[in-house]
$ cat entry.tsv   # TSV, C-alpha atoms
chain	number	residue	atom	x	y	z
A	1	MET	CA	-30.65	243.05	49.78
A	2	THR	CA	-30.90	243.15	53.55
A	3	SER	CA	-31.85	240.66	56.25
A	4	GLU	CA	-35.56	240.69	57.02
A	5	ASP	CA	-36.53	237.70	59.13
A	6	ALA	CA	-35.48	237.55	62.79
A	7	GLY	CA	-33.85	234.46	64.22
A	8	GLU	CA	-35.06	232.63	67.31
A	9	ASN	CA	-33.70	235.29	69.65
A	10	GLY	CA	-35.05	238.09	67.45
A	11	ALA	CA	-31.55	239.21	66.51
A	12	ARG	CA	-30.34	239.37	62.92
A	13	LEU	CA	-27.54	241.32	61.31
A	14	ASN	CA	-28.16	243.84	58.58
A	15	PHE	CA	-26.36	242.94	55.36
A	16	VAL	CA	-25.99	243.77	51.70
A	17	ALA	CA	-25.54	240.98	49.15
A	18	MET	CA	-24.21	241.36	45.61
A	19	GLY	CA	-23.45	239.01	42.75
A	20	PRO	CA	-25.30	235.99	41.37
A	21	GLU	CA	-27.07	233.81	43.92
A	22	GLU	CA	-26.05	230.71	41.97
A	23	ALA	CA	-22.32	231.56	42.11
A	24	GLU	CA	-20.08	228.74	43.32
A	25	GLU	CA	-18.08	231.00	45.64
A	26	THR	CA	-19.41	233.29	48.38
A	27	VAL	CA	-17.28	235.91	50.12
A	28	LEU	CA	-18.30	237.36	53.50
A	29	PHE	CA	-17.00	240.79	54.54
A	30	LEU	CA	-16.68	241.81	58.22
A	31	HIS	CA	-15.82	245.45	58.97
A	32	GLY	CA	-13.80	246.92	61.82
A	33	PHE	CA	-14.65	248.88	64.95
A	34	ALA	CA	-16.89	251.91	64.32
A	35	GLY	CA	-17.21	250.95	60.65
A	36	ASP	CA	-20.10	249.58	58.62
A	37	LEU	CA	-20.78	247.54	55.53
A	38	ILE	CA	-20.56	250.57	53.21
A	39	GLY	CA	-16.77	250.39	53.42
A	40	TRP	CA	-16.85	247.18	51.37
A	41	THR	CA	-19.01	248.50	48.51
A	42	ASN	CA	-16.21	248.90	45.94
A	43	LEU	CA	-14.87	245.40	46.62
A	44	GLN	CA	-18.35	243.90	46.42
A	45	VAL	CA	-18.96	245.62	43.10
A	46	GLY	CA	-15.61	244.32	41.87
A	47	LEU	CA	-16.55	240.74	42.71
A	48	ALA	CA	-20.17	240.92	41.54
A	49	GLY	CA	-19.53	239.65	38.02
A	50	SER	CA	-18.32	236.23	39.14
A	51	MET	CA	-18.92	235.74	42.87
A	52	ARG	CA	-21.57	236.19	45.50
A	53	SER	CA	-20.59	238.51	48.34
A	54	ILE	CA	-22.29	239.52	51.57
A	55	ALA	CA	-21.16	242.43	53.76
A	56	PHE	CA	-22.53	242.52	57.30
A	57	ASP	CA	-23.10	245.33	59.76
A	58	LEU	CA	-21.69	243.78	62.92
A	59	PRO	CA	-23.59	244.05	66.25
A	60	GLY	CA	-23.98	247.64	67.45
A	61	HIS	CA	-22.89	249.09	64.11
A	62	GLY	CA	-24.69	250.49	61.07
A	63	GLY	CA	-28.03	248.81	60.46
A	64	SER	CA	-27.35	246.35	63.29
A	65	LEU	CA	-27.28	249.12	65.90
A	66	GLN	CA	-30.05	247.56	67.99
A	67	TYR	CA	-28.47	244.11	68.21
A	68	PRO	CA	-29.08	243.01	71.83
A	69	GLU	CA	-25.47	242.10	72.69
A	70	THR	CA	-22.49	244.43	73.02
A	71	CYS	CA	-20.10	243.80	70.17
A	72	ASN	CA	-16.65	242.34	70.46
A	73	ALA	CA	-14.88	239.86	68.19
A	74	VAL	CA	-16.43	236.82	69.89
A	75	VAL	CA	-19.97	238.23	69.79
A	76	ALA	CA	-19.49	239.23	66.14
A	77	ALA	CA	-18.21	235.77	65.21
A	78	LYS	CA	-21.18	234.06	66.84
A	79	ALA	CA	-23.61	236.46	65.16
A	80	VAL	CA	-22.12	235.78	61.72
A	81	ILE	CA	-22.23	232.01	62.29
A	82	LYS	CA	-25.96	232.38	62.98
A	83	GLU	CA	-26.32	234.32	59.73
A	84	ILE	CA	-24.46	231.69	57.72
A	85	GLU	CA	-26.81	229.06	59.07
A	86	ALA	CA	-29.96	231.20	58.69
A	87	LEU	CA	-29.11	232.03	55.09
A	88	GLY	CA	-28.49	228.39	54.27
A	89	MET	CA	-24.90	228.90	53.15
A	90	ASP	CA	-22.39	226.08	52.98
A	91	LYS	CA	-18.69	226.98	52.99
A	92	VAL	CA	-17.66	230.63	52.55
A	93	HIS	CA	-14.56	232.75	52.08
A	94	LEU	CA	-14.01	235.16	54.98
A	95	VAL	CA	-12.56	238.66	54.66
A	96	GLY	CA	-12.26	240.68	57.88
A	97	HIS	CA	-10.76	244.05	58.74
A	98	SER	CA	-9.40	245.03	62.18
A	99	MET	CA	-12.01	243.93	64.77
A	100	GLY	CA	-13.76	242.13	61.93
A	101	GLY	CA	-10.49	240.37	61.18
A	102	ALA	CA	-10.35	239.08	64.74
A	103	ALA	CA	-14.00	238.01	64.42
A	104	ALA	CA	-13.29	236.19	61.16
A	105	ALA	CA	-10.36	234.35	62.76
A	106	ILE	CA	-12.48	233.34	65.76
A	107	LEU	CA	-15.26	232.15	63.45
A	108	ALA	CA	-12.74	230.06	61.52
A	109	LEU	CA	-11.45	228.52	64.76
A	110	LYS	CA	-14.94	227.76	66.05
A	111	ARG	CA	-16.37	226.48	62.77
A	112	PRO	CA	-13.64	225.53	60.29
A	113	ASP	CA	-16.23	223.39	58.52
A	114	LEU	CA	-17.86	226.62	57.28
A	115	VAL	CA	-14.71	228.22	55.85
A	116	LYS	CA	-12.87	227.87	52.52
A	117	SER	CA	-10.32	230.66	52.97
A	118	LEU	CA	-9.41	233.43	55.40
A	119	CYS	CA	-8.15	236.89	54.39
A	120	LEU	CA	-7.43	239.34	57.21
A	121	LEU	CA	-6.77	243.06	56.76
A	122	SER	CA	-4.84	244.73	59.61
A	123	PRO	CA	-6.50	242.27	61.99
A	124	GLY	CA	-7.06	242.77	65.67
A	125	GLY	CA	-5.69	240.22	68.12
A	126	PHE	CA	-2.34	239.47	66.48
A	127	GLY	CA	-0.50	241.19	69.33
A	128	VAL	CA	-1.36	243.12	72.47
A	129	GLU	CA	-0.30	246.54	71.10
A	130	ILE	CA	-3.07	248.81	69.85
A	131	ASN	CA	-3.62	252.58	69.76
A	132	GLN	CA	-6.27	252.48	72.45
A	133	ALA	CA	-6.11	256.25	73.02
A	134	LEU	CA	-7.06	256.92	69.39
A	135	LEU	CA	-9.89	254.37	69.48
A	136	ARG	CA	-11.32	255.81	72.69
A	137	ARG	CA	-11.21	259.36	71.32
A	138	TYR	CA	-12.77	258.25	68.05
A	139	ALA	CA	-15.55	256.38	69.86
A	140	VAL	CA	-16.87	259.57	71.49
A	141	ALA	CA	-16.31	262.09	68.68
A	142	GLU	CA	-19.50	263.74	67.37
A	143	ASP	CA	-18.44	266.90	65.54
A	144	VAL	CA	-17.60	266.30	61.89
A	145	ASN	CA	-14.34	268.27	62.12
A	146	ALA	CA	-13.16	266.27	65.14
A	147	ILE	CA	-14.16	263.05	63.39
A	148	SER	CA	-12.23	264.07	60.27
A	149	ILE	CA	-9.05	264.83	62.24
A	150	LEU	CA	-9.20	261.48	64.04
A	151	LEU	CA	-10.13	259.52	60.91
A	152	GLU	CA	-7.04	260.78	59.12
A	153	GLN	CA	-4.93	258.79	61.57
A	154	PHE	CA	-6.52	255.57	60.33
A	155	PHE	CA	-4.98	256.15	56.89
A	156	GLY	CA	-1.44	256.45	55.62
A	157	PRO	CA	-0.02	260.00	55.49
A	158	ALA	CA	-0.20	260.19	51.69
A	159	PHE	CA	-3.87	259.23	51.42
A	160	ARG	CA	-6.38	262.02	50.73
A	161	MET	CA	-9.37	261.03	52.82
A	162	PRO	CA	-12.73	261.97	51.24
A	163	ARG	CA	-14.64	264.54	53.30
A	164	ALA	CA	-17.78	262.50	52.59
A	165	LEU	CA	-16.45	259.76	54.86
A	166	ALA	CA	-16.39	262.03	57.92
A	167	ASP	CA	-19.84	263.38	56.97
A	168	HIS	CA	-21.19	259.81	56.80
A	169	VAL	CA	-19.76	258.95	60.23
A	170	ALA	CA	-21.10	262.15	61.82
A	171	SER	CA	-24.56	261.57	60.34
A	172	TYR	CA	-24.68	258.02	61.69
A	173	ARG	CA	-23.63	259.12	65.17
A	174	ARG	CA	-26.60	261.48	65.41
A	175	GLN	CA	-28.84	258.42	65.70
A	176	PRO	CA	-30.11	257.60	69.20
A	177	ASP	CA	-27.93	255.00	70.95
A	178	ALA	CA	-25.15	255.11	68.32
A	179	LEU	CA	-22.50	256.67	70.57
A	180	ALA	CA	-23.56	254.55	73.54
A	181	ALA	CA	-23.10	251.40	71.46
A	182	LEU	CA	-19.62	252.52	70.34
A	183	GLY	CA	-18.65	253.26	73.93
A	184	LYS	CA	-19.68	249.78	75.05
A	185	THR	CA	-17.89	248.21	72.12
A	186	VAL	CA	-14.59	250.00	72.65
A	187	ASP	CA	-14.63	248.92	76.31
A	188	ALA	CA	-15.34	245.35	75.23
A	189	ILE	CA	-12.55	245.07	72.63
A	190	LEU	CA	-9.79	246.72	74.67
A	191	ASP	CA	-8.00	245.03	77.54
A	192	GLY	CA	-6.63	247.85	79.69
A	193	THR	CA	-4.19	249.71	77.45
A	194	GLY	CA	-3.99	246.92	74.89
A	195	GLN	CA	-5.99	244.14	73.29
A	196	LYS	CA	-6.35	240.42	73.85
A	197	ARG	CA	-4.18	238.15	71.71
A	198	LEU	CA	-5.56	235.40	69.48
A	199	PRO	CA	-4.05	231.87	69.43
A	200	LEU	CA	-1.95	232.42	66.32
A	201	GLU	CA	-0.50	228.91	66.18
A	202	GLU	CA	-4.02	227.48	66.12
A	203	ILE	CA	-5.03	229.89	63.36
A	204	ALA	CA	-1.93	228.94	61.37
A	205	ALA	CA	-2.90	225.26	61.64
A	206	LEU	CA	-6.32	225.79	60.03
A	207	PRO	CA	-6.77	223.67	56.88
A	208	PHE	CA	-7.37	226.41	54.30
A	209	PRO	CA	-5.48	229.37	52.72
A	210	LEU	CA	-4.56	232.20	55.10
A	211	LYS	CA	-3.66	235.66	53.84
A	212	ILE	CA	-2.75	238.78	55.83
A	213	LEU	CA	-2.77	242.32	54.34
A	214	TRP	CA	-1.24	245.18	56.33
A	215	GLY	CA	-0.13	248.75	55.77
A	216	ARG	CA	3.38	249.67	56.91
A	217	LYS	CA	2.08	253.10	57.98
A	218	ASP	CA	-0.63	251.65	60.26
A	219	ARG	CA	-1.06	253.96	63.26
A	220	VAL	CA	-3.82	251.88	64.88
A	221	ILE	CA	-2.25	248.43	65.13
A	222	PRO	CA	1.51	248.21	64.52
A	223	VAL	CA	2.59	246.25	61.44
A	224	SER	CA	5.39	244.73	63.52
A	225	GLN	CA	2.83	242.18	64.72
A	226	VAL	CA	3.22	240.29	61.43
A	227	TYR	CA	6.99	239.93	61.57
A	228	GLU	CA	7.05	236.76	63.67
A	229	LEU	CA	3.95	235.04	62.29
A	230	PRO	CA	4.15	231.33	61.44
A	231	GLU	CA	5.13	230.66	57.83
A	232	MET	CA	1.67	229.31	57.01
A	233	PHE	CA	0.38	232.88	56.80
A	234	GLY	CA	0.78	234.62	53.46
A	235	VAL	CA	1.70	238.21	54.39
A	236	HIS	CA	1.35	241.15	51.99
A	237	LEU	CA	2.57	244.57	53.14
A	238	PHE	CA	1.68	247.92	51.53
A	239	GLY	CA	4.45	250.43	52.08
A	240	ASP	CA	2.31	253.57	51.71
A	241	ALA	CA	-0.92	252.40	53.40
A	242	GLY	CA	-2.22	252.78	56.92
A	243	HIS	CA	-4.90	250.81	58.75
A	244	MET	CA	-7.50	250.96	55.95
A	245	VAL	CA	-5.83	248.97	53.18
A	246	HIS	CA	-9.15	248.08	51.50
A	247	LEU	CA	-9.88	251.79	51.00
A	248	GLU	CA	-6.32	252.94	50.36
A	249	ARG	CA	-5.32	250.12	47.98
A	250	PRO	CA	-8.65	248.69	46.76
A	251	ARG	CA	-7.44	247.20	43.46
A	252	ALA	CA	-4.53	245.36	45.05
A	253	THR	CA	-6.75	244.23	47.92
A	254	LEU	CA	-9.35	242.91	45.51
A	255	ALA	CA	-6.72	241.03	43.51
A	256	LEU	CA	-5.37	239.37	46.66
A	257	ILE	CA	-8.86	238.41	47.81
A	258	ARG	CA	-9.51	236.81	44.42
A	259	GLN	CA	-6.19	234.97	44.70
A	260	ASN	CA	-7.13	233.59	48.11
A	261	VAL	CA	-10.57	232.54	46.89
A	262	ARG	CA	-9.02	230.63	43.97
A	263	ALA	CA	-6.63	228.89	46.37
A	264	GLY	CA	-9.50	227.89	48.64
A	265	ARG	CA	-11.84	226.41	46.03
$ encode --input "entry.tsv" --output "structure tokens"
Amino acid sequence: MTSEDAGENGARLNFVAMGPEEAEETVLFLHGFAGDLIGWTNLQVGLAGSMRSIAFDLPGHGGSLQYPETCNAVVAAKAVIKEIEALGMDKVHLVGHSMGGAAAAILALKRPDLVKSLCLLSPGGFGVEINQALLRRYAVAEDVNAISILLEQFFGPAFRMPRALADHVASYRRQPDALAALGKTVDAILDGTGQKRLPLEEIAALPFPLKILWGRKDRVIPVSQVYELPEMFGVHLFGDAGHMVHLERPRATLALIRQNVRAGR
């Protein structure tokens, strides 16, 4: 299922929904920079028997390539809020990865009335450190071999990255405007050589369950950013994973998402 009807400004996000429409709990998935909703497919399938889930293509990504605003975490958060309202949803459980994690946190701060729980995977904005050189190189890569070499750095050293992933990325980037959109986005999310920091104390004070998942081998955003988080965050570290914990450790990730959903009911 994908979005079909445009909102008042003509802008809607592409999405895929799975699971029963009448389910009591709805989980929203927000991907990271240069990703798309396909990365959530296994988790959506895993939830489909008991929960509704919706994975969005964020502005300038995937099927939302032509969204009229350049994507950053704030723009993504506002776009998803519009979708929640347009789709007539009440309260939802948010799961966000990297840039999508920052967007989910911002959404929760702006509209806590819409949120039941918040689960963030290697989120952006938890410190100023970020591998901006890798992100800038990845944003302009077109050749499938170059993409594959760069993509490997998003995973832990022990993970065997499927060649199909690099093929998928290269195919998408052959679309008109795809690379231009990524270039605008990477400029928007980076602040010089780092990234902007979220108000972590305000996030910690939100009135619903907060869970953070991070790989100790993350070469994009250092895992050290979790070490001084307020106690209200539930932190789960994966010793052998990199930046893509939902792809590297999908079963454990799914179990922790389910745990957070149960806590937020």
$ closest_residue --input "entry.tsv" --among "A:Ala34, A:Pro162, A:Gly101, A:Val245" --to "Leu179 in chain A" --atoms "all atoms listed in the file"
A:Ala34
$ closest_residue --input "entry.tsv" --among "A:Ala76, A:Leu47, A:Leu28, A:Ala133" --to "Leu114 in chain A" --atoms "only C-alpha atoms"
A:Leu28
$ residues_around --input "entry.tsv" --residues "Asp90 in chain A" --least-positions-apart "5" --cutoff "9 Å" --atoms "only C-alpha atoms" --output "compact mmCIF listing (two decimals) with C-alpha atoms, in the coordinates of the input"
# COMPACT_ATOMS: atom_id res chain seq x y z
CA ILE A 84 -24.46 231.69 57.72
CA GLU A 85 -26.81 229.06 59.07
CA ASP A 113 -16.23 223.39 58.52
CA LEU A 114 -17.86 226.62 57.28
CA VAL A 115 -14.71 228.22 55.85
$ closest_residue --input "entry.tsv" --among "A:Leu247, A:Ile257, A:Ala180, A:Met51" --to "Ser117 in chain A" --atoms "all atoms listed in the file"
A:Ile257
$ atom_distance --input "entry.tsv" --atom1 "CA of Val261 in chain A" --atom2 "CA of Val220 in chain A"
27.3 Å
$ residues_near_point --input "entry.tsv" --point "(-24.2, 260.3, 63.3)" --cutoff "12 Å" --atoms "all atoms listed in the file" --output "mmCIF file with C-alpha atoms, keeping the file's coordinate frame"
data_model
loop_
_atom_site.group_PDB
_atom_site.id
_atom_site.type_symbol
_atom_site.label_atom_id
_atom_site.label_comp_id
_atom_site.auth_asym_id
_atom_site.auth_seq_id
_atom_site.Cartn_x
_atom_site.Cartn_y
_atom_site.Cartn_z
ATOM 1 C CA ALA A 34 -16.890 251.910 64.320
ATOM 2 C CA GLY A 35 -17.210 250.950 60.650
ATOM 3 C CA HIS A 61 -22.890 249.090 64.110
ATOM 4 C CA GLY A 62 -24.690 250.490 61.070
ATOM 5 C CA LEU A 65 -27.280 249.120 65.900
ATOM 6 C CA ALA A 139 -15.550 256.380 69.860
ATOM 7 C CA VAL A 140 -16.870 259.570 71.490
ATOM 8 C CA ALA A 141 -16.310 262.090 68.680
ATOM 9 C CA GLU A 142 -19.500 263.740 67.370
ATOM 10 C CA ASP A 143 -18.440 266.900 65.540
ATOM 11 C CA VAL A 144 -17.600 266.300 61.890
ATOM 12 C CA ILE A 147 -14.160 263.050 63.390
ATOM 13 C CA LEU A 165 -16.450 259.760 54.860
ATOM 14 C CA ALA A 166 -16.390 262.030 57.920
ATOM 15 C CA ASP A 167 -19.840 263.380 56.970
ATOM 16 C CA HIS A 168 -21.190 259.810 56.800
ATOM 17 C CA VAL A 169 -19.760 258.950 60.230
ATOM 18 C CA ALA A 170 -21.100 262.150 61.820
ATOM 19 C CA SER A 171 -24.560 261.570 60.340
ATOM 20 C CA TYR A 172 -24.680 258.020 61.690
ATOM 21 C CA ARG A 173 -23.630 259.120 65.170
ATOM 22 C CA ARG A 174 -26.600 261.480 65.410
ATOM 23 C CA GLN A 175 -28.840 258.420 65.700
ATOM 24 C CA PRO A 176 -30.110 257.600 69.200
ATOM 25 C CA ASP A 177 -27.930 255.000 70.950
ATOM 26 C CA ALA A 178 -25.150 255.110 68.320
ATOM 27 C CA LEU A 179 -22.500 256.670 70.570
ATOM 28 C CA ALA A 180 -23.560 254.550 73.540
ATOM 29 C CA LEU A 182 -19.620 252.520 70.340
#
$ residues_around --input "entry.tsv" --residues "range 9-25 of chain A" --least-positions-apart "6" --cutoff "10 Å" --atoms "all atoms listed in the file" --output "PyMOL selection string"
chain A and resi 1-3+36-38+40-41+44-69+76+79-80+82-83+86+90-93+116+261-262+264-265
$ atom_distance --input "entry.tsv" --atom1 "CA of Thr253 in chain A" --atom2 "CA of Leu121 in chain A"
8.9 Å
$ atom_distance --input "entry.tsv" --atom1 "CA of Lys217 in chain A" --atom2 "CA of Val27 in chain A"
27.1 Å
$ closest_residue --input "entry.tsv" --among "A:Gly194, A:Gly127, A:Gly100, A:Pro207" --to "Phe233 in chain A" --atoms "all atoms listed in the file"
A:Pro207
$ closest_residue --input "entry.tsv" --among "A:Leu213, A:Ala188, A:Leu151, A:Ala73" --to "Gln225 in chain A" --atoms "only C-alpha atoms"
A:Leu213
$ residues_around --input "entry.tsv" --residues "Ala204 in chain A" --least-positions-apart "3" --cutoff "8 Å" --atoms "all atoms listed in the file" --output "CSV table (one decimal) with C-alpha atoms, in the frame of the given file"
chain,number,residue,atom,x,y,z
A,200,LEU,CA,-2.0,232.4,66.3
A,201,GLU,CA,-0.5,228.9,66.2
A,210,LEU,CA,-4.6,232.2,55.1
A,230,PRO,CA,4.2,231.3,61.4
A,232,MET,CA,1.7,229.3,57.0
A,233,PHE,CA,0.4,232.9,56.8
$ closest_residue --input "entry.tsv" --among "A:Asn145, A:Ala158, A:Leu120, A:Pro209" --to "His236 in chain A" --atoms "all atoms listed in the file"
A:Leu120
$ residues_near_point --input "entry.tsv" --point "(-10.0, 245.3, 74.0)" --cutoff "10 Å" --atoms "all atoms listed in the file" --output "list in words"
Asn72, Ala73, Met99, Gly124, Gly125, Val128, Ile130, Gln132, Thr185, Val186, Asp187, Ala188, Ile189, Leu190, Asp191, Gly192, Thr193, Gly194, Gln195, Lys196 and Arg197 of chain A
$ residues_around --input "entry.tsv" --residues "Leu109 in chain A" --least-positions-apart "4" --cutoff "9 Å" --atoms "only C-alpha atoms" --output "PyMOL selection string"
chain A and resi 104-105+202-203+206
$ axis_aligned_box --input "entry.tsv" --around "range 174-181 of chain A" --padding-each-side "5 Å" --output "JSON"
{"center_x": -26.3, "center_y": 256.4, "center_z": 69.5, "size_x": 17.6, "size_y": 20.1, "size_z": 18.1}
$ residues_around --input "entry.tsv" --residues "Gln153 in chain A" --least-positions-apart "4" --cutoff "8 Å" --atoms "only C-alpha atoms" --output "JSON, numbers by chain"
{"A": [149, 157, 219, 220]}
$ write_last_selection --input "entry.tsv" --atoms "C-alpha atoms" --output "mmCIF file, in the coordinates of the input"
data_model
loop_
_atom_site.group_PDB
_atom_site.id
_atom_site.type_symbol
_atom_site.label_atom_id
_atom_site.label_comp_id
_atom_site.auth_asym_id
_atom_site.auth_seq_id
_atom_site.Cartn_x
_atom_site.Cartn_y
_atom_site.Cartn_z
ATOM 1 C CA ILE A 149 -9.050 264.830 62.240
ATOM 2 C CA PRO A 157 -0.020 260.000 55.490
ATOM 3 C CA ARG A 219 -1.060 253.960 63.260
ATOM 4 C CA VAL A 220 -3.820 251.880 64.880
#
